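Engineer: File protein-v2.cif follows (mmCIF, C-alpha atoms and all ligand atoms):
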```
data_start
#
loop_
_atom_site.label_atom_id
_atom_site.label_comp_id
_atom_site.auth_asym_id
_atom_site.auth_seq_id
_atom_site.Cartn_x
_atom_site.Cartn_y
_atom_site.Cartn_z
CA MET J 1 135.56 194.43 151.58
CA THR J 2 132.89 194.16 154.24
CA ASP J 3 129.63 195.93 155.00
CA ILE J 4 131.25 197.46 158.10
CA THR J 5 132.36 201.07 157.69
CA ARG J 6 131.29 202.76 160.94
CA VAL J 7 132.95 201.42 164.07
CA GLY J 8 132.49 202.39 167.71
CA VAL J 9 135.16 201.73 170.32
CA VAL J 10 134.13 201.86 173.97
CA GLY J 11 137.09 202.69 176.21
CA CYS J 12 140.21 204.60 175.23
CA GLY J 13 142.80 203.03 177.52
CA GLN J 14 145.83 201.35 176.00
CA MET J 15 143.79 198.66 174.21
CA GLY J 16 140.85 200.86 173.17
CA ALA J 17 143.16 203.56 171.82
CA GLY J 18 145.20 200.97 169.93
CA ILE J 19 142.09 199.34 168.44
CA ALA J 20 140.67 202.73 167.42
CA GLU J 21 144.00 203.60 165.79
CA VAL J 22 144.10 200.33 163.83
CA CYS J 23 140.50 200.84 162.61
CA ALA J 24 140.98 204.50 161.64
CA ARG J 25 144.26 203.76 159.84
CA SER J 26 142.38 201.06 157.89
CA GLY J 27 139.94 203.65 156.50
CA LEU J 28 137.02 203.11 158.89
CA ASP J 29 134.95 205.89 160.44
CA VAL J 30 135.66 205.47 164.17
CA MET J 31 133.83 206.91 167.16
CA VAL J 32 135.52 206.48 170.53
CA ALA J 33 133.70 206.71 173.85
CA GLU J 34 134.95 207.21 177.38
CA THR J 35 133.00 207.69 180.60
CA THR J 36 134.24 211.16 181.58
CA GLY J 37 135.57 214.21 179.77
CA GLU J 38 138.88 213.80 181.60
CA ALA J 39 139.30 210.13 180.61
CA LEU J 40 138.34 211.03 177.05
CA GLU J 41 140.98 213.76 176.89
CA ILE J 42 143.67 211.37 178.18
CA GLY J 43 142.60 208.73 175.67
CA ARG J 44 142.40 211.18 172.78
CA THR J 45 145.91 212.47 173.58
CA ARG J 46 147.23 208.88 173.78
CA LEU J 47 145.72 208.03 170.39
CA LEU J 48 146.75 211.21 168.62
CA ASN J 49 150.30 210.97 170.01
CA SER J 50 150.58 207.42 168.71
CA LEU J 51 149.39 208.54 165.26
CA ALA J 52 151.86 211.45 165.30
CA LYS J 53 154.63 208.98 166.18
CA ALA J 54 153.63 206.73 163.28
CA ALA J 55 153.86 209.77 160.96
CA ALA J 56 157.21 210.86 162.44
CA ARG J 57 158.58 207.34 161.83
CA GLY J 58 157.38 207.49 158.22
CA LYS J 59 154.78 204.72 158.62
CA ILE J 60 152.05 207.07 157.39
CA SER J 61 152.36 210.23 155.30
CA GLU J 62 151.25 213.67 156.53
CA THR J 63 148.19 213.38 154.26
CA GLU J 64 147.30 209.95 155.71
CA LEU J 65 147.77 211.38 159.20
CA ALA J 66 145.29 214.20 158.50
CA GLU J 67 142.81 211.80 156.86
CA THR J 68 143.07 209.33 159.76
CA GLN J 69 142.53 212.09 162.33
CA ALA J 70 139.48 213.26 160.38
CA ARG J 71 137.97 209.75 160.59
CA LEU J 72 138.08 209.84 164.41
CA THR J 73 135.42 211.35 166.65
CA PHE J 74 135.26 211.29 170.43
CA THR J 75 132.30 211.30 172.80
CA THR J 76 131.26 210.67 176.38
CA ASP J 77 127.75 209.71 175.23
CA LEU J 78 127.16 206.12 174.12
CA GLY J 79 123.84 207.35 172.69
CA GLU J 80 125.87 208.64 169.73
CA PHE J 81 126.68 205.04 168.73
CA ALA J 82 123.25 204.60 167.08
CA ASP J 83 124.61 204.35 163.52
CA ARG J 84 127.58 202.06 164.25
CA ASP J 85 127.89 198.86 162.16
CA LEU J 86 130.27 197.34 164.70
CA THR J 87 131.09 198.30 168.26
CA ILE J 88 134.15 196.97 170.05
CA GLU J 89 134.05 197.26 173.82
CA ALA J 90 137.52 197.58 175.39
CA VAL J 91 136.99 198.62 179.00
CA VAL J 92 138.32 197.07 182.24
CA GLU J 93 138.08 193.29 182.71
CA ASN J 94 134.99 193.53 184.89
CA GLU J 95 131.97 191.43 183.99
CA GLN J 96 129.41 193.77 185.52
CA VAL J 97 130.84 196.87 183.82
CA LYS J 98 130.98 195.09 180.46
CA THR J 99 127.48 193.66 180.85
CA GLU J 100 126.04 197.12 181.52
CA ILE J 101 127.77 198.50 178.43
CA PHE J 102 126.34 195.69 176.28
CA GLN J 103 122.87 196.40 177.64
CA VAL J 104 123.20 200.09 176.73
CA LEU J 105 124.61 199.33 173.27
CA ASP J 106 121.76 196.91 172.64
CA GLN J 107 119.28 199.73 173.29
CA VAL J 108 121.18 202.36 171.33
CA VAL J 109 122.48 200.71 168.15
CA THR J 110 119.76 200.81 165.50
CA ARG J 111 121.03 198.56 162.69
CA PRO J 112 119.49 195.15 163.49
CA ASP J 113 122.50 193.19 162.23
CA ALA J 114 125.11 195.47 163.84
CA ILE J 115 127.83 193.46 165.58
CA LEU J 116 128.50 194.02 169.27
CA ALA J 117 132.02 192.80 170.05
CA SER J 118 134.16 192.65 173.15
CA ASN J 119 137.93 192.78 173.41
CA THR J 120 137.71 190.81 176.65
CA SER J 121 140.64 188.52 177.46
CA SER J 122 138.79 186.16 179.72
CA ILE J 123 135.15 186.93 180.44
CA PRO J 124 132.73 184.40 178.88
CA LEU J 125 131.29 185.93 175.71
CA VAL J 126 128.01 184.12 176.23
CA LYS J 127 127.37 186.16 179.39
CA LEU J 128 127.66 189.38 177.39
CA ALA J 129 125.62 187.90 174.54
CA VAL J 130 122.63 186.94 176.70
CA ALA J 131 122.59 190.40 178.27
CA THR J 132 121.41 191.69 174.87
CA SER J 133 118.37 191.05 172.67
CA ARG J 134 120.72 190.00 169.82
CA PRO J 135 122.93 187.21 171.20
CA ASP J 136 123.56 185.99 167.64
CA HIS J 137 125.38 189.27 166.86
CA VAL J 138 127.75 189.24 169.84
CA ILE J 139 131.34 187.99 169.40
CA GLY J 140 134.79 188.33 170.97
CA ILE J 141 137.33 190.22 168.84
CA HIS J 142 140.49 190.11 170.93
CA PHE J 143 143.49 192.27 169.98
CA PHE J 144 147.02 192.11 171.38
CA ASN J 145 149.11 194.84 172.91
CA PRO J 146 150.32 197.05 171.25
CA ALA J 147 147.38 196.67 168.86
CA PRO J 148 148.96 198.68 166.01
CA VAL J 149 151.96 196.29 166.04
CA GLN J 150 150.70 192.79 166.88
CA LYS J 151 149.39 190.93 163.85
CA LEU J 152 147.05 188.56 165.69
CA VAL J 153 143.37 188.85 166.53
CA GLU J 154 141.44 186.06 168.27
CA LEU J 155 137.81 185.58 167.22
CA ILE J 156 135.65 184.03 169.92
CA PRO J 157 132.08 183.14 169.03
CA ALA J 158 129.71 182.59 171.96
CA LEU J 159 127.44 179.53 171.85
CA THR J 160 124.78 181.90 170.52
CA THR J 161 126.82 183.65 167.80
CA SER J 162 125.62 183.12 164.23
CA GLU J 163 127.89 181.93 161.40
CA GLY J 164 127.06 185.18 159.58
CA THR J 165 128.44 187.26 162.46
CA ILE J 166 131.60 185.14 162.61
CA SER J 167 132.30 185.49 158.90
CA ARG J 168 131.60 189.25 158.86
CA ALA J 169 133.94 189.74 161.84
CA GLN J 170 136.60 187.57 160.20
CA ALA J 171 136.35 189.51 156.92
CA LEU J 172 136.74 192.79 158.80
CA VAL J 173 139.78 191.56 160.75
CA GLU J 174 141.55 190.00 157.79
CA LYS J 175 140.53 192.08 154.77
CA THR J 176 139.98 195.53 156.28
CA LEU J 177 142.38 195.54 159.22
CA GLY J 178 145.00 193.25 157.65
CA LYS J 179 145.41 191.13 160.80
CA HIS J 180 145.69 187.36 161.12
CA ALA J 181 142.60 185.85 162.75
CA ILE J 182 142.54 182.66 164.77
CA ARG J 183 139.37 181.18 166.18
CA ALA J 184 138.91 179.94 169.74
CA GLN J 185 136.10 178.49 171.76
CA ASP J 186 134.50 180.61 174.46
CA ARG J 187 136.73 179.27 177.26
CA SER J 188 138.58 181.53 179.67
CA GLY J 189 141.93 182.65 178.23
CA PHE J 190 141.02 181.48 174.70
CA VAL J 191 144.24 180.34 172.96
CA VAL J 192 146.92 182.91 173.69
CA ASN J 193 146.27 183.86 177.31
CA ALA J 194 145.64 180.24 178.27
CA LEU J 195 149.25 179.60 177.20
CA LEU J 196 150.84 182.96 178.03
CA VAL J 197 149.41 183.78 181.45
CA PRO J 198 150.63 180.60 183.27
CA TYR J 199 154.11 181.42 181.92
CA LEU J 200 153.91 185.02 183.20
CA LEU J 201 152.62 183.80 186.59
CA SER J 202 155.54 181.32 186.76
CA SER J 203 158.01 184.14 186.17
CA ILE J 204 156.42 186.15 189.00
CA ARG J 205 156.62 183.10 191.31
CA MET J 206 160.26 182.66 190.32
CA PHE J 207 161.03 186.30 191.12
CA GLU J 208 159.03 186.13 194.38
CA SER J 209 160.93 183.07 195.56
CA GLY J 210 164.30 184.74 194.88
CA ILE J 211 165.55 182.18 192.35
CA ALA J 212 166.80 184.95 190.07
CA SER J 213 166.71 188.74 189.71
CA ARG J 214 164.11 190.40 187.50
CA GLU J 215 166.83 191.29 184.96
CA ASP J 216 168.15 187.73 184.84
CA ILE J 217 164.65 186.29 184.41
CA ASP J 218 163.93 188.70 181.55
CA ASN J 219 167.36 188.31 179.94
CA GLY J 220 166.96 184.56 180.22
CA MET J 221 163.91 184.57 177.96
CA GLU J 222 165.04 187.41 175.67
CA LEU J 223 168.52 186.08 175.02
CA GLY J 224 167.89 182.39 175.55
CA CYS J 225 164.61 182.04 173.69
CA ALA J 226 164.53 185.14 171.45
CA HIS J 227 161.38 186.54 173.04
CA PRO J 228 161.01 190.26 172.23
CA MET J 229 160.49 190.97 175.93
CA GLY J 230 161.11 188.98 179.08
CA PRO J 231 158.05 187.93 181.11
CA LEU J 232 158.33 190.57 183.84
CA LYS J 233 158.70 193.39 181.29
CA LEU J 234 155.79 191.93 179.36
CA SER J 235 153.69 191.75 182.54
CA ASP J 236 154.38 195.45 183.09
CA LEU J 237 153.32 196.16 179.49
CA ILE J 238 150.05 194.21 179.75
CA GLY J 239 149.25 195.64 183.21
CA LEU J 240 149.43 193.69 186.47
CA ASP J 241 145.76 194.33 187.26
CA THR J 242 144.81 192.88 183.89
CA ILE J 243 146.99 189.81 184.43
CA ALA J 244 145.52 189.30 187.92
CA SER J 245 141.96 189.45 186.62
CA ILE J 246 142.70 187.11 183.71
CA ALA J 247 144.38 184.68 186.14
CA ASP J 248 141.41 184.85 188.54
CA SER J 249 139.00 184.20 185.70
CA MET J 250 140.99 181.22 184.39
CA TYR J 251 141.43 179.83 187.91
CA ALA J 252 137.67 180.10 188.49
CA GLU J 253 137.04 178.25 185.21
CA TYR J 254 139.65 175.47 185.36
CA LYS J 255 140.53 175.20 189.11
CA GLU J 256 144.14 174.43 188.15
CA PRO J 257 146.99 175.77 190.37
CA LEU J 258 148.94 176.95 187.32
CA TYR J 259 146.36 179.71 186.83
CA ALA J 260 146.45 180.87 190.49
CA ALA J 261 147.76 184.43 190.89
CA PRO J 262 150.86 184.48 193.16
CA PRO J 263 150.54 186.65 196.31
CA LEU J 264 153.15 189.15 195.07
CA LEU J 265 151.03 189.94 192.01
CA GLN J 266 147.99 190.74 194.14
CA ARG J 267 150.06 192.84 196.59
CA MET J 268 151.49 194.88 193.71
CA VAL J 269 147.99 195.47 192.34
CA ASP J 270 146.81 196.50 195.82
CA ALA J 271 149.76 198.92 196.03
CA GLY J 272 148.79 200.48 192.69
CA ARG J 273 151.95 199.20 191.00
CA LEU J 274 150.22 198.18 187.80
CA GLY J 275 153.17 198.29 185.40
CA ARG J 276 153.86 200.85 182.70
CA LYS J 277 150.49 202.52 182.91
CA SER J 278 150.99 203.53 186.56
CA GLY J 279 154.71 204.35 186.26
CA SER J 280 155.92 201.31 188.21
CA GLY J 281 155.57 197.57 188.32
CA PHE J 282 158.49 195.16 188.25
CA TYR J 283 160.40 198.11 186.77
CA THR J 284 160.05 201.87 187.10
CA TYR J 285 159.00 204.04 184.16
CA VAL J 286 159.48 207.78 183.79
N1 LIG J 301 152.07 201.62 169.27
C1 LIG J 301 152.46 201.59 167.97
N2 LIG J 301 153.66 201.13 167.56
C2 LIG J 301 154.50 200.69 168.51
C3 LIG J 301 154.18 200.69 169.88
C4 LIG J 301 152.88 201.18 170.24
N3 LIG J 301 152.46 201.23 171.52
N4 LIG J 301 155.22 200.19 170.59
C5 LIG J 301 156.17 199.89 169.69
N5 LIG J 301 155.74 200.18 168.46
C6 LIG J 301 156.45 199.96 167.19
C7 LIG J 301 157.60 200.93 167.06
O1 LIG J 301 157.16 202.12 166.44
C8 LIG J 301 158.57 200.13 166.19
O2 LIG J 301 158.18 200.20 164.82
P1 LIG J 301 159.29 200.23 163.65
O3 LIG J 301 160.26 199.12 163.93
O4 LIG J 301 158.48 200.00 162.42
O5 LIG J 301 159.89 201.59 163.74
C9 LIG J 301 158.35 198.70 166.61
O6 LIG J 301 157.05 198.65 167.22
C10 LIG J 301 159.40 198.25 167.61
O7 LIG J 301 159.34 199.15 168.70
P2 LIG J 301 160.60 199.60 169.54
O8 LIG J 301 161.82 199.61 168.66
O9 LIG J 301 160.26 200.86 170.25
O10 LIG J 301 160.74 198.54 170.68
P3 LIG J 301 160.85 196.96 170.60
O11 LIG J 301 161.59 196.50 169.39
O12 LIG J 301 161.31 196.58 171.94
O13 LIG J 301 159.34 196.48 170.41
C11 LIG J 301 157.28 195.74 171.25
C12 LIG J 301 158.35 196.82 171.33
C13 LIG J 301 156.54 195.88 169.91
C14 LIG J 301 156.30 196.02 172.39
C15 LIG J 301 157.95 194.34 171.35
O14 LIG J 301 158.82 194.32 172.44
C16 LIG J 301 156.97 193.21 171.50
O15 LIG J 301 156.34 192.78 170.54
N6 LIG J 301 156.83 192.71 172.75
C17 LIG J 301 155.92 191.61 173.04
C18 LIG J 301 154.53 192.16 173.21
C19 LIG J 301 153.54 191.07 173.42
O16 LIG J 301 153.84 189.90 173.66
N7 LIG J 301 152.26 191.46 173.36
C20 LIG J 301 151.15 190.57 173.64
C21 LIG J 301 150.72 190.76 175.05
S1 LIG J 301 149.39 189.70 175.46
C22 LIG J 301 148.02 190.61 175.13
O17 LIG J 301 148.06 191.74 174.73
C23 LIG J 301 146.72 189.90 175.30
C24 LIG J 301 146.05 190.08 176.59
O18 LIG J 301 144.86 189.88 176.62
C25 LIG J 301 146.74 190.37 177.83
#
```
As structure tokens - that is how I would like this structure written.
Structural biologist:
Amino acid sequence: MTDITRVGVVGCGQMGAGIAEVCARSGLDVMVAETTGEALEIGRTRLLNSLAKAAARGKISETELAETQARLTFTTDLGEFADRDLTIEAVVENEQVKTEIFQVLDQVVTRPDAILASNTSSIPLVKLAVATSRPDHVIGIHFFNPAPVQKLVELIPALTTSEGTISRAQALVEKTLGKHAIRAQDRSGFVVNALLVPYLLSSIRMFESGIASREDIDNGMELGCAHPMGPLKLSDLIGLDTIASIADSMYAEYKEPLYAAPPLLQRMVDAGRLGRKSGSGFYTYV
């Protein structure tokens, strides 16, 4: 086991809630923070509903459900993160917002070797690391959606991250959380998004140019290549705003057209059609 028992999760959107669920189900004491009482209530409901569903499907017993719920606390005050051994930030893909959170965590967290991690998909970890006084203890720990289901976690050390931080994060991911860790350099998109996002953008370009319907594009990849979801359904699951910001970040880094967000994607984001989370994207959700 590891020396990490108290975890903080900043943000309780779909990724933050999923990460908090994974940590609490693995026996860790988890504190979850959101910016407002309203956002916290939405996040808490999302998380508790997901746990209730896991119990209803027989994945955890009623006793485990009660124990897991008891390991979770919720706050709107990051000041309460003082005793956390590890904090995982999982807020919007916005460098300024994330940087400010890292600066606050750096002030608040008392344990000198506490790890400050980000679930970012594309923002350079080194930028978050140098915003703190402990750049050797900052690392990317990137989960996949839905976090309780997907087995993979990417570990992304910044140039400044110490070997000790990498091995403690790896032990937590593999031994405590039971996930498979892969390591990537601090380059936009890391391993998975650098491969996945150009494919998703291609499917949006294909749909935009009228080559095939959304259903035929998705069925093509589900039935032709055994993907669990077609690319347009998957884009809706990830969130179109998230895909657009990952694409913009990779395009800024590599200057390659394959990472350029197609106009339709940006228009849908502007229209608030963000996928499942907003009720509509390429498909409509009730
Ligand atoms: N939370 C917890 N469990 C969930 C879940 C959620 N949000 N969604 C589905 N599940 C569980 C279900 O309970 C079910 O479990 P059992 O079989 O044990 O009962 C199992 O997953 C399958 O679910 P469903 O039968 O409801 O539906 P499905 O078979 O269509 O699977 C899916 C749904 C798991 C989402 C599957 O379609 C899938 O894996 N899709 C691909 C998702 C993917 O590629 N994710 C990576 C996105 S990239 C990313 O996240 C990185 C980034 O930075 C953008």
Engineer: Could you give me, as CSV, every chain J residue with an atom at most 9 Å from ligand LIG 301 (chain J), plus its closest atom pair and distance in Å to one decimal, counting only C-alpha atoms and all ligand atoms, rows ordered by chain then number?
Structural biologist:
```
residue,atom,partner,partner_atom,distance
J:Gln14,CA,J:LIG301,N3,8.0
J:Met15,CA,J:LIG301,O17,8.1
J:Gly18,CA,J:LIG301,N1,6.9
J:Glu21,CA,J:LIG301,C1,9.0
J:Ser50,CA,J:LIG301,N1,6.0
J:Leu51,CA,J:LIG301,C1,8.1
J:Lys53,CA,J:LIG301,O1,7.3
J:Ala54,CA,J:LIG301,O1,6.6
J:Arg57,CA,J:LIG301,O5,6.2
J:Gly58,CA,J:LIG301,O5,8.5
J:Lys59,CA,J:LIG301,O4,7.1
J:Asn119,CA,J:LIG301,O18,8.2
J:Thr120,CA,J:LIG301,O18,7.2
J:Ser121,CA,J:LIG301,O18,4.5
J:Ser122,CA,J:LIG301,O18,7.8
J:His142,CA,J:LIG301,O18,7.2
J:Phe143,CA,J:LIG301,O17,6.6
J:Phe144,CA,J:LIG301,O17,3.5
J:Asn145,CA,J:LIG301,O17,3.7
J:Pro146,CA,J:LIG301,N3,4.7
J:Ala147,CA,J:LIG301,N1,6.8
J:Pro148,CA,J:LIG301,C1,5.0
J:Val149,CA,J:LIG301,N2,5.4
J:Gln150,CA,J:LIG301,O15,6.7
J:Gly189,CA,J:LIG301,O18,8.0
J:Val192,CA,J:LIG301,C23,7.2
J:Asn193,CA,J:LIG301,O18,6.2
J:Leu196,CA,J:LIG301,S1,7.4
J:Val197,CA,J:LIG301,C25,8.0
J:His227,CA,J:LIG301,C17,7.5
J:Pro228,CA,J:LIG301,O14,4.6
J:Met229,CA,J:LIG301,O14,5.1
J:Gly230,CA,J:LIG301,C17,8.4
J:Pro231,CA,J:LIG301,O16,8.8
J:Lys233,CA,J:LIG301,N6,8.8
J:Leu234,CA,J:LIG301,C18,6.3
J:Ser235,CA,J:LIG301,C21,8.1
J:Leu237,CA,J:LIG301,C21,7.5
J:Ile238,CA,J:LIG301,C25,5.4
J:Gly239,CA,J:LIG301,C25,7.9
J:Thr242,CA,J:LIG301,C25,6.8
J:Ile243,CA,J:LIG301,C25,6.6
J:Ile246,CA,J:LIG301,C25,7.8
```
Engineer: Considering all atoms listed in the file, return as a PyMOL selection string whatever protein or nucleic-acid residues lie within 8 Å of Asp85 in chain J, sequence-local ones (same chain, fewer than 4 positions apart) excluded.
Structural biologist: chain J and resi 3-7+111+113-115
Engineer: Find the residues around range 170-185 of chain J up to 8 Å (only C-alpha atoms counted), leave out those fewer than 2 positions away in its own chain, and share them as a list in words.
Structural biologist: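 So the residues in contact are Met1, Thr2, Ile4, Val22, Cys23, Ser26, Lys151, Leu152, Val153, Glu154, Leu155, Ile156, Pro157, Ala158, Ile166, Ser167, Arg168, Arg187, Phe190 and Val191 of chain J.
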Engineer: In terms of the shortest atom-to-atom distance over all atoms listed in the file, which of J:Ile217, J:Ala131, J:Val9, J:Met268 is closest to Gln107 in chain J?
Structural biologist: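 Checking each of J:Ile217, J:Ala131, J:Val9, J:Met268 against Gln107 in chain J, counting all atoms listed in the file, the winner is J:Ala131.
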Engineer: Rank J:Ala24, J:Ile42, J:Leu274, J:Ala55 by their smallest atom-to-atom distance to Glu67 in chain J, using all atoms listed in the file, and report the top residue only.
Structural biologist: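 Nearest to Glu67 in chain J: J:Ala24.
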Engineer: Give me the residues near Asp136 in chain J as a ChimeraX atom specification, where near means some atom within 8 Å (using all atoms listed in the file) and where sequence neighbours in that chain fewer than 3 positions away do not count.
Structural biologist: /J:129,160-162,165
Engineer: Restricting the calculation to only C-alpha atoms: of J:Leu240, J:Val126, J:Leu65, J:Leu264, which residue gets closest to Thr99 in chain J?
Structural biologist: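 Once distances to Thr99 in chain J are computed over only C-alpha atoms, the minimum belongs to J:Val126.
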Engineer: I'd like the neighbourhood of Arg276 in chain J as a ChimeraX atom specification, where a residue qualifies if any of its atoms comes within 8 Å (using all atoms listed in the file), though same-chain residues fewer than 2 positions away should be ignored.
Structural biologist: /J:236-237,239,274,278-281,284-285
Engineer: When you draw a straight line from CA of Glu222 in chain J to CA of Arg205 in chain J, how long is it in Å?
Structural biologist: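 For CA of Glu222 in chain J relative to CA of Arg205 in chain J, the distance reads 18.3 Å.
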Engineer: Mind pulling up the distance from CA of Ala20 in chain J to CA of Gly8 in chain J?
Structural biologist: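 We find that CA of Gly8 in chain J and CA of Ala20 in chain J lie 8.2 Å from each other.
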Engineer: So what do you get for CA of Pro124 in chain J versus CA of Leu201 in chain J, distance-wise?
Structural biologist: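 Separating CA of Pro124 in chain J from CA of Leu201 in chain J is a distance of 21.3 Å.
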Engineer: Check the smallest atom-to-atom distance from each of J:Pro263, J:Phe102, J:Ser133, J:Glu34 to Phe207 in chain J using only C-alpha atoms, then report the winner.
Structural biologist: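 The closest residue to Phe207 in chain J is J:Pro263.
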Engineer: Let me make sure I understand: among J:Thr35, J:Asn49, J:Thr110, J:Thr87, which one has the smallest atom-to-atom distance to Ala169 in chain J if we use only C-alpha atoms?
Structural biologist: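 Between J:Thr35, J:Asn49, J:Thr110, J:Thr87, the residue approaching Ala169 in chain J most closely is J:Thr87.
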Engineer: With all atoms listed in the file as the atoms that count, which of J:Glu80, J:Val10, J:Gly27, J:Thr75 lies nearest to Glu41 in chain J?
Structural biologist: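 Selected residue with least distance to Glu41 in chain J: J:Thr75.
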Engineer: Can you tell me which residues surround Gly43 in chain J at a distance of at most 9 Å, considering only C-alpha atoms, apart from same-chain residues fewer than 4 positions away, and format the answer as a count of residues only?
Structural biologist: 11
Engineer: Could you work out an axis-aligned bounding box for all listed atoms of range 106-112 of chain J, with 6 Å added on each of the six sides, and give its centre and edge lengths in Å to one decimal, as JSON?
Structural biologist:
```
{"center_x": 120.9, "center_y": 198.8, "center_z": 168.0, "size_x": 15.2, "size_y": 19.2, "size_z": 22.6}
```
